[in-house]
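Here is the file entry.cif (mmCIF, C-alpha atoms).
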```cif
data_run
loop_
_atom_site.label_atom_id
_atom_site.label_comp_id
_atom_site.auth_asym_id
_atom_site.auth_seq_id
_atom_site.Cartn_x
_atom_site.Cartn_y
_atom_site.Cartn_z
CA MET A 1 64.28 -47.05 74.42
CA LYS A 2 67.18 -48.38 76.51
CA LYS A 3 66.16 -46.08 79.38
CA ILE A 4 62.64 -47.52 79.38
CA ILE A 5 63.92 -51.12 79.48
CA ILE A 6 66.45 -50.38 82.24
CA SER A 7 63.81 -48.49 84.27
CA GLY A 8 61.41 -51.41 83.93
CA LEU A 9 64.01 -53.92 85.05
CA LEU A 10 64.94 -51.77 88.06
CA PHE A 11 61.25 -51.46 88.98
CA PHE A 12 60.74 -55.24 88.81
CA THR A 13 63.90 -55.81 90.88
CA PHE A 14 62.64 -53.37 93.52
CA ILE A 15 59.21 -55.04 93.67
CA ALA A 16 60.74 -58.52 93.91
CA SER A 17 63.12 -57.46 96.70
CA GLN A 18 60.23 -55.90 98.66
CA GLY A 19 58.31 -59.14 98.35
CA GLN A 20 60.98 -61.14 100.21
CA THR A 21 59.89 -59.69 103.56
CA SER A 22 56.15 -59.47 102.87
CA SER A 23 53.37 -61.91 102.12
CA TYR A 24 52.06 -60.29 98.95
CA GLN A 25 51.15 -62.82 96.29
CA LYS A 26 52.99 -62.32 92.98
CA SER A 27 52.81 -64.03 89.58
CA ILE A 28 54.96 -64.17 86.50
CA TYR A 29 52.98 -65.17 83.44
CA GLY A 30 52.95 -65.18 79.68
CA GLY A 31 50.01 -63.56 77.97
CA PHE A 32 48.86 -64.26 74.43
CA LEU A 33 46.83 -61.69 72.46
CA GLY A 34 44.83 -59.09 74.43
CA ASN A 35 46.81 -56.02 75.49
CA ALA A 36 49.92 -57.35 73.71
CA PRO A 37 48.81 -58.68 70.31
CA HIS A 38 51.83 -60.92 69.79
CA GLY A 39 52.30 -61.99 73.40
CA SER A 40 53.94 -60.62 76.52
CA VAL A 41 55.76 -61.57 79.70
CA ASN A 42 54.17 -59.97 82.78
CA PHE A 43 54.67 -59.52 86.51
CA ASP A 44 51.46 -59.36 88.58
CA MET A 45 51.26 -58.43 92.27
CA ARG A 46 48.29 -58.38 94.62
CA LEU A 47 48.31 -55.28 96.84
CA ASN A 48 46.50 -56.77 99.87
CA PRO A 49 48.87 -58.71 102.14
CA ASP A 50 47.76 -62.26 102.83
CA LYS A 51 44.78 -61.86 100.45
CA ILE A 52 44.39 -62.90 96.85
CA GLY A 53 41.28 -60.85 96.04
CA GLY A 54 41.18 -57.10 95.75
CA LEU A 55 43.39 -54.56 94.05
CA GLY A 56 46.54 -55.44 92.13
CA PHE A 57 48.63 -54.47 89.13
CA SER A 58 50.62 -56.09 86.37
CA ALA A 59 53.34 -54.78 84.11
CA GLY A 60 55.31 -56.45 81.38
CA LEU A 61 57.13 -56.37 78.08
CA SER A 62 55.84 -57.37 74.68
CA GLY A 63 57.48 -57.44 71.32
CA SER A 64 56.96 -58.47 67.76
CA TYR A 65 58.84 -58.71 64.53
CA SER A 66 57.36 -59.15 61.08
CA TYR A 67 58.53 -59.09 57.50
CA TYR A 68 56.00 -58.32 54.77
CA GLY A 69 58.03 -56.42 52.19
CA TYR A 70 59.35 -54.34 55.07
CA LYS A 71 60.86 -55.12 58.45
CA ASP A 72 58.67 -54.11 61.38
CA ALA A 73 59.87 -54.43 65.00
CA THR A 74 57.66 -53.36 67.92
CA LEU A 75 58.32 -53.12 71.67
CA GLY A 76 55.41 -52.58 74.08
CA VAL A 77 55.05 -52.03 77.82
CA PRO A 78 51.59 -53.23 78.96
CA VAL A 79 50.58 -51.89 82.40
CA THR A 80 47.31 -52.97 84.04
CA ILE A 81 45.46 -52.09 87.23
CA ASN A 82 43.17 -54.99 88.11
CA TYR A 83 40.72 -56.10 90.75
CA LEU A 84 39.84 -59.70 91.67
CA LEU A 85 36.38 -60.59 92.99
CA GLY A 86 35.72 -64.11 94.21
CA LYS A 87 36.44 -66.81 96.74
CA LYS A 88 38.93 -69.62 97.14
CA ASN A 89 40.85 -69.85 93.86
CA SER A 90 38.29 -68.69 91.22
CA TYR A 91 37.97 -64.96 90.54
CA LEU A 92 36.29 -62.46 88.28
CA GLU A 93 39.11 -60.26 87.01
CA LEU A 94 38.33 -56.64 86.12
CA GLY A 95 40.99 -54.27 84.85
CA VAL A 96 42.08 -51.23 82.88
CA ASN A 97 45.22 -51.38 80.75
CA GLY A 98 47.46 -48.93 78.94
CA THR A 99 50.16 -50.04 76.52
CA PRO A 100 52.66 -47.65 74.95
CA GLU A 101 54.31 -49.22 71.91
CA PHE A 102 57.37 -48.19 69.96
CA ARG A 103 57.87 -49.32 66.36
CA ILE A 104 60.74 -49.22 63.90
CA LYS A 105 59.80 -49.99 60.33
CA LYS A 106 62.30 -50.34 57.48
CA SER A 107 61.14 -50.61 53.90
CA GLU A 108 63.07 -52.74 51.44
CA PHE A 109 60.93 -52.20 48.36
CA MET A 110 62.70 -52.09 45.02
CA TYR A 111 62.50 -49.32 42.42
CA THR A 112 64.00 -50.21 39.05
CA GLY A 113 66.37 -52.69 40.66
CA THR A 114 67.55 -50.29 43.39
CA PRO A 115 66.42 -50.88 47.00
CA ILE A 116 64.68 -48.00 48.71
CA GLY A 117 65.68 -48.09 52.39
CA VAL A 118 63.06 -45.95 54.09
CA LYS A 119 63.27 -46.08 57.88
CA GLU A 120 60.36 -44.92 60.01
CA LYS A 121 60.10 -44.67 63.80
CA ASP A 122 56.73 -44.44 65.44
CA ALA A 123 55.16 -44.47 68.90
CA PHE A 124 51.53 -45.04 69.77
CA PHE A 125 49.34 -45.87 72.74
CA HIS A 126 46.32 -48.11 73.11
CA GLY A 127 44.22 -49.09 76.08
CA HIS A 128 42.02 -52.03 77.06
CA PHE A 129 39.28 -52.93 79.45
CA ASN A 130 39.69 -56.43 80.87
CA ILE A 131 36.95 -58.70 82.17
CA GLY A 132 37.15 -62.44 82.60
CA TYR A 133 38.09 -65.44 84.70
CA ARG A 134 41.25 -65.97 86.76
CA PHE A 135 42.33 -69.13 88.53
CA GLN A 136 44.75 -68.13 91.31
CA PRO A 137 46.17 -70.80 93.66
CA LEU A 138 45.27 -70.59 97.34
CA LYS A 139 48.69 -71.74 98.50
CA ASP A 140 51.94 -69.80 98.50
CA LYS A 141 52.82 -71.07 95.03
CA GLY A 142 51.30 -72.77 92.03
CA ILE A 143 49.95 -72.38 88.51
CA MET A 144 47.76 -69.38 87.63
CA PHE A 145 45.56 -69.01 84.56
CA ASN A 146 43.34 -66.30 83.13
CA ALA A 147 41.03 -65.89 80.14
CA LEU A 148 39.88 -62.33 79.49
CA TRP A 149 37.77 -60.33 77.07
CA THR A 150 39.92 -57.28 76.27
CA PRO A 151 38.17 -54.71 74.05
CA ALA A 152 40.72 -52.19 72.81
CA ILE A 153 40.76 -48.41 72.53
CA SER A 154 43.29 -46.87 70.16
CA PHE A 155 44.43 -43.31 70.87
CA LYS A 156 46.24 -42.75 67.57
CA ASP A 157 45.27 -43.85 64.10
CA LYS A 158 48.25 -46.20 63.90
CA GLY A 159 49.07 -49.51 65.40
CA TYR A 160 47.56 -52.92 65.69
CA TYR A 161 44.02 -51.94 66.73
CA SER A 162 43.31 -48.84 64.67
CA TYR A 163 42.64 -50.44 61.29
CA ASP A 164 39.56 -52.40 62.34
CA LYS A 165 37.44 -50.99 65.18
CA LYS A 166 34.94 -53.89 65.10
CA ARG A 167 37.74 -56.44 65.36
CA SER A 168 39.16 -54.68 68.41
CA LEU A 169 35.91 -55.40 70.28
CA LEU A 170 36.48 -59.13 69.70
CA ASN A 171 39.88 -59.23 71.44
CA PHE A 172 40.57 -61.84 74.05
CA SER A 173 43.60 -62.83 76.07
CA ILE A 174 44.88 -66.04 77.62
CA GLY A 175 47.54 -66.06 80.33
CA LEU A 176 49.43 -68.88 82.00
CA GLY A 177 52.04 -68.52 84.69
CA TYR A 178 53.42 -69.27 88.13
CA THR A 179 52.34 -67.68 91.44
CA PHE A 180 54.61 -67.28 94.49
CA LYS A 181 54.99 -65.23 97.67
#
```
So, in terms of structure tokens, how does the structure I just supplied come out?
Amino acid sequence: MKKIIISGLLFFTFIASQGQTSSYQKSIYGGFLGNAPHGSVNFDMRLNPDKIGGLGFSAGLSGSYSYYGYKDATLGVPVTINYLLGKKNSYLELGVNGTPEFRIKKSEFMYTGTPIGVKEKDAFFHGHFNIGYRFQPLKDKGIMFNALWTPAISFKDKGYYSYDKKRSLLNFSIGLGYTFK
């Protein structure tokens, strides 16, 4: 787990240092719902110099913690390849996402007054298709916003999306962040 986090931070550092000499537009934004059910922090970069539209990618970190008779902590790494179609600052955003998630669950249920401390580690993967609206500033910096429909595909019968297939088709995502060059 530590190796994944360190690798991700090194990757983001490399991308940010490359951007200092180029004119690729980049964004850092927070996403709510969608490919990270409890929210995520993401880095997005357009791959066409001096153009907003076209091919790009985003990668981020998501996490959650819950307590419902057991402690459940999850760390996810959403990675998306996206394409922007449009003019000026309004775009149709199309994308494909994959999110590996790692979960640690610890039970604290009681049995005749004695706690049962069952610990379970789990990993799963789910994907999404993204389609929606993105507002991307025309200038070198500014506020970006997106609203996406993100139907999910679960590849293991565990995790957030696997218990209700119909509900996963109703997923949406909202993102708000800052764009810079």
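Atom pair atom CA of Arg46 of chain A / atom CA of Phe180 of chain A: separated by 10.9 Å.
You can rank A:Tyr83, A:Tyr24, A:Tyr178, A:Tyr65 by their closest distance to Phe129 of chain A using only C-alpha atoms, and at the top of that list sits A:Tyr83.
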Got a sec: who's within 6 Å of Tyr91 of chain A, counting all atoms listed in the file, leaving out chain neighbours fewer than 5 positions off, as a list in words?
-> Leu84, Leu85, Gly86, Tyr133 and Arg134 of chain A
For the selection just defined, write its residues with C-alpha atoms to a file, as a short mmCIF file (atom, residue, chain, number, x, y, z; two decimals), keeping the file's coordinate frame.
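So the final result, stored in out10.cif, reads:
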```cif
data_model
loop_
_atom_site.label_atom_id
_atom_site.label_comp_id
_atom_site.auth_asym_id
_atom_site.auth_seq_id
_atom_site.Cartn_x
_atom_site.Cartn_y
_atom_site.Cartn_z
CA LEU A 84 39.84 -59.70 91.67
CA LEU A 85 36.38 -60.59 92.99
CA GLY A 86 35.72 -64.11 94.21
CA TYR A 133 38.09 -65.44 84.70
CA ARG A 134 41.25 -65.97 86.76
#
```
Picked residues, the PyMOL selection byres ((chain A and resi 130) around 6), expected as number ranges by chain = A: 94-95, 129, 131, 149-150
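The space separating atom CA of Leu170 of chain A from atom CA of Phe102 of chain A comes to 23.6 Å.
Applied to the file shown here, the PyMOL selection byres ((chain A and resi 79) around 8) selects Phe57, Ser58, Ala59, Gly60, Val77, Pro78, Thr80, Ile81, Asn97, Gly98 and Thr99 of chain A.
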Test item: the PyMOL selection byres ((chain A and resi 63) around 10) resolved as a VMD selection string = chain A and resid 36 to 41 61 to 62 64 to 65 73 to 77 101 to 103
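Between atom CA of Ala147 of chain A and atom CA of Ala123 of chain A there is a distance of 28.0 Å.
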